[in-house]
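Everything on this sheet refers to the single structure shown next.
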Amino acid sequence: DALPGLTVAAEPFAFEVAKFDLTVNLAERLGSGGEPLGLDGGLEYALDRLDGLSAGALAERFVRLLEGLVAAPDAPLYRLEVLAPEERRMLLEELNDTARELPAATLPELFEAQVTRDPEAVAIVSADGSLTYGELNAQANRLAHALIRRGVGPQSIVGISMVRSFEMWISVLGTLKAGGAYLPLDPEYPQARLAQMIADAAPTLVLDRQVLDSLPLEDSPTHNPNVPLSVAHSAYVIYTSGSTGIPKGVVVTHEGIAGLGRDQVERLGVSANSRVLQFASLSFDASVSEATMALSSGAALVLPQDDERTGSLLGELLVRQHVTHATLPPTILATVDGDEIPLETLIVAGEPCSPELVDRWSRGRCLINAYGPTEATVCATMSGPLSGIVTPPIGTALCNTRLYVLGAALEPRPIGVNGELYVAGASLARGYLHQPALTSERFVANPFEPGARMYRTGDLARWRADGTLDFLGRADAQVKIRGFRIEPGEIEAALVASAEVSQAVVIAREDGPGGQQLVAYLVPAGETPPDVDSLRRELAERLPAYMVPSAFVVLAELPLTPNGKLNRRALPAPLRRGSFYRAPRTPEEEVLCGLFAEVLKLERV
């Protein structure tokens with residue numbers, strides 16, 4: 001009677017929601033005479049998998065779905081509301097209550113404020129010595145005036161091709177002070193890739209050590225240049241992998257930098273007494289976070305040498321330079337013994353962090369898990385301090401940043417339900433350089449804020465009951481290995497460019513100890529198998545080292561599903577180099593080999 005047209009059996013109706021068994025007696029629940037549906041009795045759930053609040057919420061949503069089905073039987077399923085009004089308000093408004101009044105300051109202005117506050121404070125430290133804020137500002141100003149004379153101004157792009165050094169950061173600050181956006185050109189990248197980036201970005205100038213030395217900087221003034229720079233102007237352009245095989249340049253403005261700096265001070269405890277490790281390559285946007293963390297708060301930026309970026313040498317550097325704050329990928333962190341390292345705050349980012357690493361590195365210090373795509377000014381979320389053997393959440397939104405976990409029809413996902421993560425707010429990049437179609441595909445209209453945009457990350461996430469986010473991996477084929485975001489399509493495009501290869505598939509596998517590795521599967525163009533060593537050398541000339549697969553597997557044809565799609569599960573694991581197989585000779589050897597194979601996660605030993 002309460003829901004005309006709905007037939008309800010007298011027996012309890014069992015259903016499965018989010019993989020949890022619930023039993024609701026709908027006959028009792030529906031009542032008679034149009035009474036409202038209630039869940040004050042007749043609900044059974046598994047105590048080891050659900051609490052009463054979660055079970056009740058799932059059952060309420062199911063009943064709400066039934067009401068919607070009866071009220072609008074012809075409506076598309078995705079239009080049926082499962083969220084209660086208060087739950088929807090919490091997901092869209094309360095969890096995104098991050099608005100903060102911040103000064104409209106660019107990165108040069110934030111840095112110059114620290115110069116004014118204490119010009120004698122140490123700004124950058126390396127094995128070659130140190131520069132104070134006043135010295136760094138003067139040298140950056142000389143370069144900025146020289147660049148302005150060369151035609152650099154707002155919306156200009158200046159390439160920077162230098163190793164980590166004083167000169168690299170003088171070039172970055174000088175470019176920003178001149179009003180330009182800097183384009184990192186890592187000297188370790190293959191020449192073909194660098195040439196492609198330069199051709200696409202068309203920088204006004206490319207600064208390397210030779211060009212920098214040729215500029216008449218001694219004739220340039222040391223005062224701050226009077227450049228009409230606003231937060232809407234571009235700050236940097238960083239190229240990431242492209243699904244079409246062509247790298248794409250992300251254009252990021254100054255608008256989100258002040259908010260990033262404010263969160264770093266408040267959440268990470270950065271102060272003028274801090275010493276911040278500058279670990280990331282300039283081509284990795286984490287370097288922006290490191291520079292902002294230090295130079296906008298009056299702290300010192302510590303530059304490691306190339307051989308001090310992993311293992312015991314990194315640990316010794318952290319101790320010797322009294323580093324207080326560091327941002328490290330978990331893969332690097334696993335190589336360092338942290339027992340004697342006096343870090344105050346450690347931020348892990350770039351890839352998922354294991355519970356064991358959380359437990360080891362959270363002892364005696366503040367450990368934070370951070371997340372953010374290049375398209376959102378480095379960082380979109382930070383967790384609270386972590387401790388114990390826990391799978392870390394990626395936390396909550398930074399100030400003036402909004403987060404949405406949405407389904408395919410852009411409907412908000414309830415707490416505990418997987419969805420795709422979208423980022424909105426002041427931190428969003430302008431888009432992709434010279435790629436309006438791709439920009440409009442990834443930066444879409446925000447249905448919850450008229451006139452605003454949100455970025456479709458391609459990452460899967462879910463809300464926790466405490467209002468923090470869990471990261472659940474990629475929604476597409478993009479992968480992260482050792483902190484580097486990799487589009488396998490770019491590697492595949494480089495492989496099929498060879499005359500020896502007709503088809504190529506690149507995936508990330510984890511078939512044993514050592515973490516994920518890239519594996520390339522090749523179908524020959526002719527009867528002769530391709531020369532794998534030659535292919536490896538060709539890729540190394542075109543792609544960064546982290547994008548060259550660790551293993552190559554030659555197949556007669558790619559395995560397909562019945563509907564003609566690639567059957568990724570049927571792709572065989574690569575054989576380890578130098579490995580051979582001898583079958584066990586006795587039942588005892590067979591058991592022993594089986595045990596080793598199980599522990600090492602191998603098909604056979």
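FYI, nothing fancy with the structure tokens labels: chains A, B, ... in order, residues from 1 per chain, ligands from 1 as they appear.
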Residue neighbourhood A:Pro216, 10 Å, only C-alpha atoms, exclusion window fewer than 5 positions, as a list in words: Arg142, Leu143 and Ala146 of chain A
Export N, CA, C and O atoms of the chosen residues as an mmCIF file, in the first residue's frame?
```cif
data_model
loop_
_atom_site.group_PDB
_atom_site.id
_atom_site.type_symbol
_atom_site.label_atom_id
_atom_site.label_comp_id
_atom_site.auth_asym_id
_atom_site.auth_seq_id
_atom_site.Cartn_x
_atom_site.Cartn_y
_atom_site.Cartn_z
ATOM 1 N N ARG A 142 69.439 40.379 -11.398
ATOM 2 C CA ARG A 142 70.326 40.668 -12.535
ATOM 3 C C ARG A 142 69.892 39.863 -13.757
ATOM 4 O O ARG A 142 69.825 40.392 -14.881
ATOM 5 N N LEU A 143 69.615 38.574 -13.534
ATOM 6 C CA LEU A 143 69.186 37.735 -14.652
ATOM 7 C C LEU A 143 67.835 38.196 -15.187
ATOM 8 O O LEU A 143 67.616 38.239 -16.414
ATOM 9 N N ALA A 146 68.194 41.093 -17.457
ATOM 10 C CA ALA A 146 68.790 40.650 -18.720
ATOM 11 C C ALA A 146 67.761 39.935 -19.592
ATOM 12 O O ALA A 146 67.733 40.117 -20.826
#
```
Residue nearest A:Glu218 - candidates A:Glu316, A:Val405, A:Ala140, A:Ala475, atoms counted: only C-alpha atoms: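 Checking each candidate against A:Glu218, we get A:Ala140 as the closest.
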Atom CA of A:Phe279 to atom CA of A:Leu185, straight-line distance in Å: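 Result for atom CA of A:Leu185 versus atom CA of A:Phe279: 16.6 Å, one decimal.
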Stretch 323-388 of chain A residues near stretch 266-273 of chain A within 12 Å, closest pair each, using only C-alpha atoms, as CSV:
```
residue,atom,partner,partner_atom,distance
A:Val323,CA,A:Asn273,CA,10.5
A:Thr324,CA,A:Val270,CA,8.8
A:His325,CA,A:Val270,CA,7.8
A:Ala326,CA,A:Leu268,CA,10.3
A:Thr327,CA,A:Leu268,CA,11.0
A:Leu343,CA,A:Leu268,CA,11.9
A:Glu344,CA,A:Gly269,CA,8.9
A:Thr345,CA,A:Leu268,CA,6.6
A:Leu346,CA,A:Leu268,CA,8.6
A:Ile347,CA,A:Leu268,CA,8.6
A:Arg365,CA,A:Leu268,CA,11.0
A:Cys366,CA,A:Leu268,CA,8.0
A:Leu367,CA,A:Leu268,CA,9.2
A:Ile368,CA,A:Leu268,CA,8.1
A:Asn369,CA,A:Leu268,CA,11.1
A:Ala370,CA,A:Leu268,CA,11.1
A:Thr381,CA,A:Arg267,CA,11.0
A:Met382,CA,A:Arg267,CA,8.2
A:Ser383,CA,A:Arg267,CA,9.0
A:Gly384,CA,A:Arg267,CA,7.9
A:Pro385,CA,A:Arg267,CA,9.1
```
Expected answer as a PyMOL selection string: strand (DSSP E or B) residues in stretch 119-268 of chain A: chain A and resi 122-126+129-132+157-160+181-184+205-207+234-240+248-253
Coordinates-based distance that separates atom CA of A:Ala201 from atom CA of A:His434 (Å, one decimal):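 Atom-to-atom, atom CA of A:His434 to atom CA of A:Ala201, that is 8.3 Å.
Non-sequential neighbours of A:Val265 (distance at most 12 Å, separation of 6 or more positions within a chain, only C-alpha atoms) are Ala258, Gly259, Ser271, Ala272, Asn273, Ser274, Ser289, Thr292, Met293, Ala294, Leu295, Ser296, Ser297, Gly298, Ala299, His325, Thr345, Leu398 and Cys399 of chain A.
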Separation of atom CA of A:Asp476 from atom CA of A:Ala525 in Å: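 Result for atom CA of A:Ala525 versus atom CA of A:Asp476: 27.7 Å, one decimal.
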Using only C-alpha atoms, which protein or nucleic acid residues come within 8 Å of stretch 63-65 of chain A? Drop anything in the same chain fewer than 5 positions from it, and give the result as a compact mmCIF listing (two decimals) with all heavy atoms, in the first residue's frame.
```txt
# COMPACT_ATOMS: atom_id res chain seq x y z
N LEU A 37 8.99 4.94 5.44
CA LEU A 37 9.83 3.76 5.61
C LEU A 37 10.77 3.96 6.79
O LEU A 37 11.32 5.03 6.99
CB LEU A 37 10.65 3.53 4.33
CG LEU A 37 9.81 3.31 3.06
CD1 LEU A 37 10.72 3.20 1.86
CD2 LEU A 37 8.97 2.06 3.20
N LEU A 80 18.47 8.08 -10.32
CA LEU A 80 17.79 7.79 -9.07
C LEU A 80 18.69 8.16 -7.89
O LEU A 80 19.86 7.78 -7.85
CB LEU A 80 17.42 6.31 -9.00
CG LEU A 80 16.45 5.84 -10.10
CD1 LEU A 80 16.18 4.35 -9.96
CD2 LEU A 80 15.15 6.62 -10.06
N GLU A 81 18.14 8.92 -6.96
CA GLU A 81 18.92 9.42 -5.83
C GLU A 81 19.05 8.37 -4.74
O GLU A 81 18.05 7.80 -4.29
CB GLU A 81 18.24 10.67 -5.27
CG GLU A 81 19.01 11.33 -4.14
CD GLU A 81 20.36 11.84 -4.59
OE1 GLU A 81 20.41 12.91 -5.24
OE2 GLU A 81 21.37 11.14 -4.32
N VAL A 82 20.27 8.10 -4.33
CA VAL A 82 20.49 7.18 -3.22
C VAL A 82 20.98 7.92 -1.97
O VAL A 82 20.99 7.35 -0.89
CB VAL A 82 21.49 6.07 -3.59
CG1 VAL A 82 20.97 5.22 -4.72
CG2 VAL A 82 22.85 6.65 -3.93
N LEU A 83 21.39 9.17 -2.13
CA LEU A 83 21.91 9.93 -1.00
C LEU A 83 20.80 10.68 -0.29
O LEU A 83 19.92 11.27 -0.93
CB LEU A 83 22.96 10.94 -1.47
CG LEU A 83 24.24 10.39 -2.09
CD1 LEU A 83 25.11 11.52 -2.60
CD2 LEU A 83 25.01 9.55 -1.09
```
For A:Val505, the nearest of the candidates A:Arg604, A:Arg568, A:Lys480, A:Arg413, counting only C-alpha atoms: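 Counting only C-alpha atoms, the residue closest to A:Val505 is A:Arg568.
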12 Å contact set for A:Arg485, only C-alpha atoms, chain neighbours under 3 positions out, as a list in words: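 Near A:Arg485, the qualifying residues are Tyr239, Thr240, Ser241, Gly242, Ser243, Pro247, Ser283, Phe284, Asp285, Ala349, Gly350, Glu351, Gly372, Pro373, Thr374, Asp459, Arg474, Ala477, Gln478, Val479, Lys480, Ile481, Arg482, Pro488, Glu490, Ala508, Pro544, Tyr546 and Met547 of chain A.
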Could you write out the selected residues, including C-alpha atoms, as a short mmCIF file (atom, residue, chain, number, x, y, z; two decimals), in the first residue's frame?
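selection39.cif, freshly written:
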```cif
data_model
loop_
_atom_site.label_atom_id
_atom_site.label_comp_id
_atom_site.auth_asym_id
_atom_site.auth_seq_id
_atom_site.Cartn_x
_atom_site.Cartn_y
_atom_site.Cartn_z
CA TYR A 239 55.63 18.05 -19.78
CA THR A 240 54.07 14.73 -18.87
CA SER A 241 53.54 11.54 -20.83
CA GLY A 242 50.89 11.69 -23.54
CA SER A 243 48.46 8.88 -24.38
CA PRO A 247 54.27 14.53 -24.42
CA SER A 283 61.08 18.31 -14.44
CA PHE A 284 59.02 16.80 -11.61
CA ASP A 285 56.48 19.23 -10.15
CA ALA A 349 54.16 11.34 -2.32
CA GLY A 350 54.27 10.18 -5.92
CA GLU A 351 53.10 6.60 -5.33
CA GLY A 372 48.23 15.73 -6.34
CA PRO A 373 48.31 15.66 -10.14
CA THR A 374 50.57 17.98 -12.15
CA ASP A 459 42.39 8.28 -10.28
CA ARG A 474 44.31 4.59 -11.79
CA ALA A 477 46.08 2.59 -18.12
CA GLN A 478 48.34 5.31 -16.74
CA VAL A 479 50.72 4.04 -14.08
CA LYS A 480 53.13 5.44 -11.51
CA ILE A 481 56.48 3.75 -11.00
CA ARG A 482 59.03 5.10 -8.51
CA PRO A 488 52.28 3.38 -21.53
CA GLU A 490 53.87 6.89 -25.32
CA ALA A 508 53.30 -2.51 -15.29
CA PRO A 544 63.77 9.10 -20.18
CA TYR A 546 62.40 5.51 -16.23
CA MET A 547 60.23 4.91 -19.33
#
```
So that I can check the surroundings of A:Ala497, please list as a compact mmCIF listing (two decimals) with N, CA, C and O atoms, in the first residue's frame every protein, DNA and RNA residue that reaches within 12 Å of it, counting only C-alpha atoms and ignoring chain neighbours fewer than 3 positions away.
```
# COMPACT_ATOMS: atom_id res chain seq x y z
N GLY A 245 51.28 9.25 -27.52
CA GLY A 245 52.69 9.07 -27.84
C GLY A 245 53.45 10.37 -27.90
O GLY A 245 54.65 10.38 -28.13
N GLU A 490 52.72 6.20 -24.74
CA GLU A 490 53.87 6.89 -25.32
C GLU A 490 55.00 5.91 -25.63
O GLU A 490 55.66 6.00 -26.66
N ILE A 491 55.19 4.93 -24.73
CA ILE A 491 56.23 3.93 -24.97
C ILE A 491 55.82 3.03 -26.12
O ILE A 491 56.64 2.66 -26.97
N GLU A 492 54.53 2.66 -26.17
CA GLU A 492 54.04 1.81 -27.25
C GLU A 492 54.21 2.50 -28.61
O GLU A 492 54.59 1.86 -29.61
N ALA A 493 53.95 3.81 -28.65
CA ALA A 493 54.11 4.54 -29.91
C ALA A 493 55.56 4.55 -30.36
O ALA A 493 55.86 4.45 -31.56
N ALA A 494 56.49 4.65 -29.41
CA ALA A 494 57.91 4.62 -29.76
C ALA A 494 58.33 3.24 -30.26
O ALA A 494 59.16 3.12 -31.16
N GLU A 500 60.77 -3.18 -37.08
CA GLU A 500 60.77 -4.58 -36.66
C GLU A 500 59.54 -4.97 -35.85
O GLU A 500 59.32 -6.14 -35.58
N VAL A 501 58.72 -3.97 -35.44
CA VAL A 501 57.60 -4.23 -34.54
C VAL A 501 56.29 -3.83 -35.21
O VAL A 501 56.15 -2.72 -35.72
N SER A 502 55.32 -4.74 -35.21
CA SER A 502 54.01 -4.43 -35.77
C SER A 502 53.01 -4.03 -34.69
O SER A 502 52.13 -3.20 -34.91
N GLN A 503 53.12 -4.64 -33.50
CA GLN A 503 52.25 -4.32 -32.38
C GLN A 503 53.06 -4.29 -31.09
O GLN A 503 54.05 -5.01 -30.96
N ALA A 504 52.63 -3.44 -30.17
CA ALA A 504 53.34 -3.35 -28.89
C ALA A 504 52.34 -3.01 -27.79
O ALA A 504 51.44 -2.19 -27.98
N ALA A 525 57.17 -7.56 -36.92
CA ALA A 525 56.60 -7.10 -38.19
C ALA A 525 56.81 -8.13 -39.29
O ALA A 525 56.11 -8.13 -40.30
N LEU A 535 66.29 -2.41 -29.76
CA LEU A 535 65.10 -1.65 -29.38
C LEU A 535 65.32 -0.89 -28.08
O LEU A 535 64.90 0.25 -27.93
N GLU A 538 67.30 2.17 -28.81
CA GLU A 538 66.49 3.17 -29.51
C GLU A 538 65.58 3.91 -28.53
O GLU A 538 65.42 5.13 -28.60
N LEU A 539 64.96 3.16 -27.62
CA LEU A 539 64.08 3.80 -26.64
C LEU A 539 64.87 4.73 -25.73
O LEU A 539 64.40 5.81 -25.36
N ARG A 542 65.24 8.10 -27.08
CA ARG A 542 64.03 8.90 -27.26
C ARG A 542 63.28 9.19 -25.98
O ARG A 542 62.54 10.17 -25.91
```
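For A:Leu95, the set of protein, DNA and RNA residues having any atom at most 12 Å away, when counting only C-alpha atoms and skipping those fewer than 5 positions along the same chain, is A:Glu87, A:Arg88, A:Arg89, A:Met90, A:Gly395, A:Thr396, A:Ala397, A:Leu398, A:Cys399, A:Asn400, A:Thr401, A:Arg402, A:Leu403, A:Tyr404, A:Val405, A:Ile415, A:Trp463, A:Arg464, A:Ala465, A:Asp466, A:Gly467, A:Thr468, A:Leu469.
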Filtering to N, CA, C and O atoms, could you give me those residues as a JSON list (two decimals), in the first residue's frame?
```
[["chain", "number", "residue", "atom", "x", "y", "z"],
["A", 87, "GLU", "N", 23.41, 13.88, 3.60],
["A", 87, "GLU", "CA", 24.63, 13.21, 3.14],
["A", 87, "GLU", "C", 25.18, 13.90, 1.89],
["A", 87, "GLU", "O", 26.39, 14.10, 1.75],
["A", 88, "ARG", "N", 24.31, 14.30, 1.00],
["A", 88, "ARG", "CA", 24.73, 15.01, -0.21],
["A", 88, "ARG", "C", 25.37, 16.35, 0.16],
["A", 88, "ARG", "O", 26.39, 16.75, -0.41],
["A", 89, "ARG", "N", 24.76, 17.05, 1.11],
["A", 89, "ARG", "CA", 25.31, 18.34, 1.54],
["A", 89, "ARG", "C", 26.70, 18.16, 2.15],
["A", 89, "ARG", "O", 27.61, 18.96, 1.92],
["A", 90, "MET", "N", 26.88, 17.08, 2.91],
["A", 90, "MET", "CA", 28.18, 16.84, 3.53],
["A", 90, "MET", "C", 29.25, 16.58, 2.46],
["A", 90, "MET", "O", 30.35, 17.15, 2.51],
["A", 395, "GLY", "N", 44.20, 11.97, 2.57],
["A", 395, "GLY", "CA", 43.86, 13.10, 3.41],
["A", 395, "GLY", "C", 42.71, 13.95, 2.93],
["A", 395, "GLY", "O", 41.75, 13.45, 2.33],
["A", 396, "THR", "N", 42.82, 15.24, 3.18],
["A", 396, "THR", "CA", 41.76, 16.20, 2.89],
["A", 396, "THR", "C", 42.28, 17.28, 1.95],
["A", 396, "THR", "O", 43.49, 17.43, 1.74],
["A", 397, "ALA", "N", 41.37, 18.07, 1.41],
["A", 397, "ALA", "CA", 41.72, 19.08, 0.42],
["A", 397, "ALA", "C", 42.51, 20.22, 1.04],
["A", 397, "ALA", "O", 42.29, 20.61, 2.19],
["A", 398, "LEU", "N", 43.44, 20.78, 0.26],
["A", 398, "LEU", "CA", 44.17, 21.96, 0.68],
["A", 398, "LEU", "C", 43.25, 23.18, 0.59],
["A", 398, "LEU", "O", 42.15, 23.10, 0.03],
["A", 399, "CYS", "N", 43.69, 24.30, 1.14],
["A", 399, "CYS", "CA", 42.83, 25.48, 1.15],
["A", 399, "CYS", "C", 42.51, 25.92, -0.28],
["A", 399, "CYS", "O", 43.35, 25.85, -1.18],
["A", 400, "ASN", "N", 41.27, 26.35, -0.47],
["A", 400, "ASN", "CA", 40.74, 26.80, -1.76],
["A", 400, "ASN", "C", 40.77, 25.71, -2.83],
["A", 400, "ASN", "O", 40.80, 25.99, -4.03],
["A", 401, "THR", "N", 40.78, 24.46, -2.37],
["A", 401, "THR", "CA", 40.70, 23.30, -3.27],
["A", 401, "THR", "C", 39.47, 22.50, -2.91],
["A", 401, "THR", "O", 39.15, 22.34, -1.73],
["A", 402, "ARG", "N", 38.77, 22.00, -3.92],
["A", 402, "ARG", "CA", 37.58, 21.19, -3.69],
["A", 402, "ARG", "C", 37.74, 19.84, -4.38],
["A", 402, "ARG", "O", 38.32, 19.76, -5.46],
["A", 403, "LEU", "N", 37.22, 18.80, -3.72],
["A", 403, "LEU", "CA", 37.38, 17.43, -4.21],
["A", 403, "LEU", "C", 36.01, 16.78, -4.37],
["A", 403, "LEU", "O", 35.14, 16.94, -3.52],
["A", 404, "TYR", "N", 35.86, 16.00, -5.43],
["A", 404, "TYR", "CA", 34.61, 15.27, -5.67],
["A", 404, "TYR", "C", 34.96, 13.85, -6.08],
["A", 404, "TYR", "O", 35.83, 13.62, -6.92],
["A", 405, "VAL", "N", 34.28, 12.88, -5.47],
["A", 405, "VAL", "CA", 34.37, 11.48, -5.89],
["A", 405, "VAL", "C", 33.07, 11.17, -6.60],
["A", 405, "VAL", "O", 32.00, 11.12, -5.99],
["A", 415, "ILE", "N", 29.85, 7.73, 0.92],
["A", 415, "ILE", "CA", 31.03, 7.35, 1.71],
["A", 415, "ILE", "C", 31.25, 5.84, 1.59],
["A", 415, "ILE", "O", 30.32, 5.06, 1.69],
["A", 463, "TRP", "N", 35.63, 8.12, -0.18],
["A", 463, "TRP", "CA", 35.61, 8.84, 1.08],
["A", 463, "TRP", "C", 35.59, 7.87, 2.26],
["A", 463, "TRP", "O", 34.89, 6.86, 2.22],
["A", 464, "ARG", "N", 36.33, 8.19, 3.29],
["A", 464, "ARG", "CA", 36.23, 7.48, 4.55],
["A", 464, "ARG", "C", 35.17, 8.17, 5.42],
["A", 464, "ARG", "O", 34.81, 9.32, 5.18],
["A", 465, "ALA", "N", 34.74, 7.48, 6.43],
["A", 465, "ALA", "CA", 33.73, 8.05, 7.33],
["A", 465, "ALA", "C", 34.25, 9.28, 8.06],
["A", 465, "ALA", "O", 33.47, 10.15, 8.46],
["A", 466, "ASP", "N", 35.57, 9.39, 8.23],
["A", 466, "ASP", "CA", 36.13, 10.54, 8.94],
["A", 466, "ASP", "C", 36.39, 11.73, 8.02],
["A", 466, "ASP", "O", 36.97, 12.73, 8.45],
["A", 467, "GLY", "N", 35.95, 11.63, 6.75],
["A", 467, "GLY", "CA", 36.09, 12.75, 5.83],
["A", 467, "GLY", "C", 37.42, 12.81, 5.10],
["A", 467, "GLY", "O", 37.70, 13.79, 4.40],
["A", 468, "THR", "N", 38.26, 11.78, 5.22],
["A", 468, "THR", "CA", 39.50, 11.72, 4.45],
["A", 468, "THR", "C", 39.31, 10.81, 3.25],
["A", 468, "THR", "O", 38.32, 10.07, 3.15],
["A", 469, "LEU", "N", 40.27, 10.84, 2.34],
["A", 469, "LEU", "CA", 40.16, 10.09, 1.09],
["A", 469, "LEU", "C", 41.15, 8.93, 1.06],
["A", 469, "LEU", "O", 42.30, 9.06, 1.47]]
```
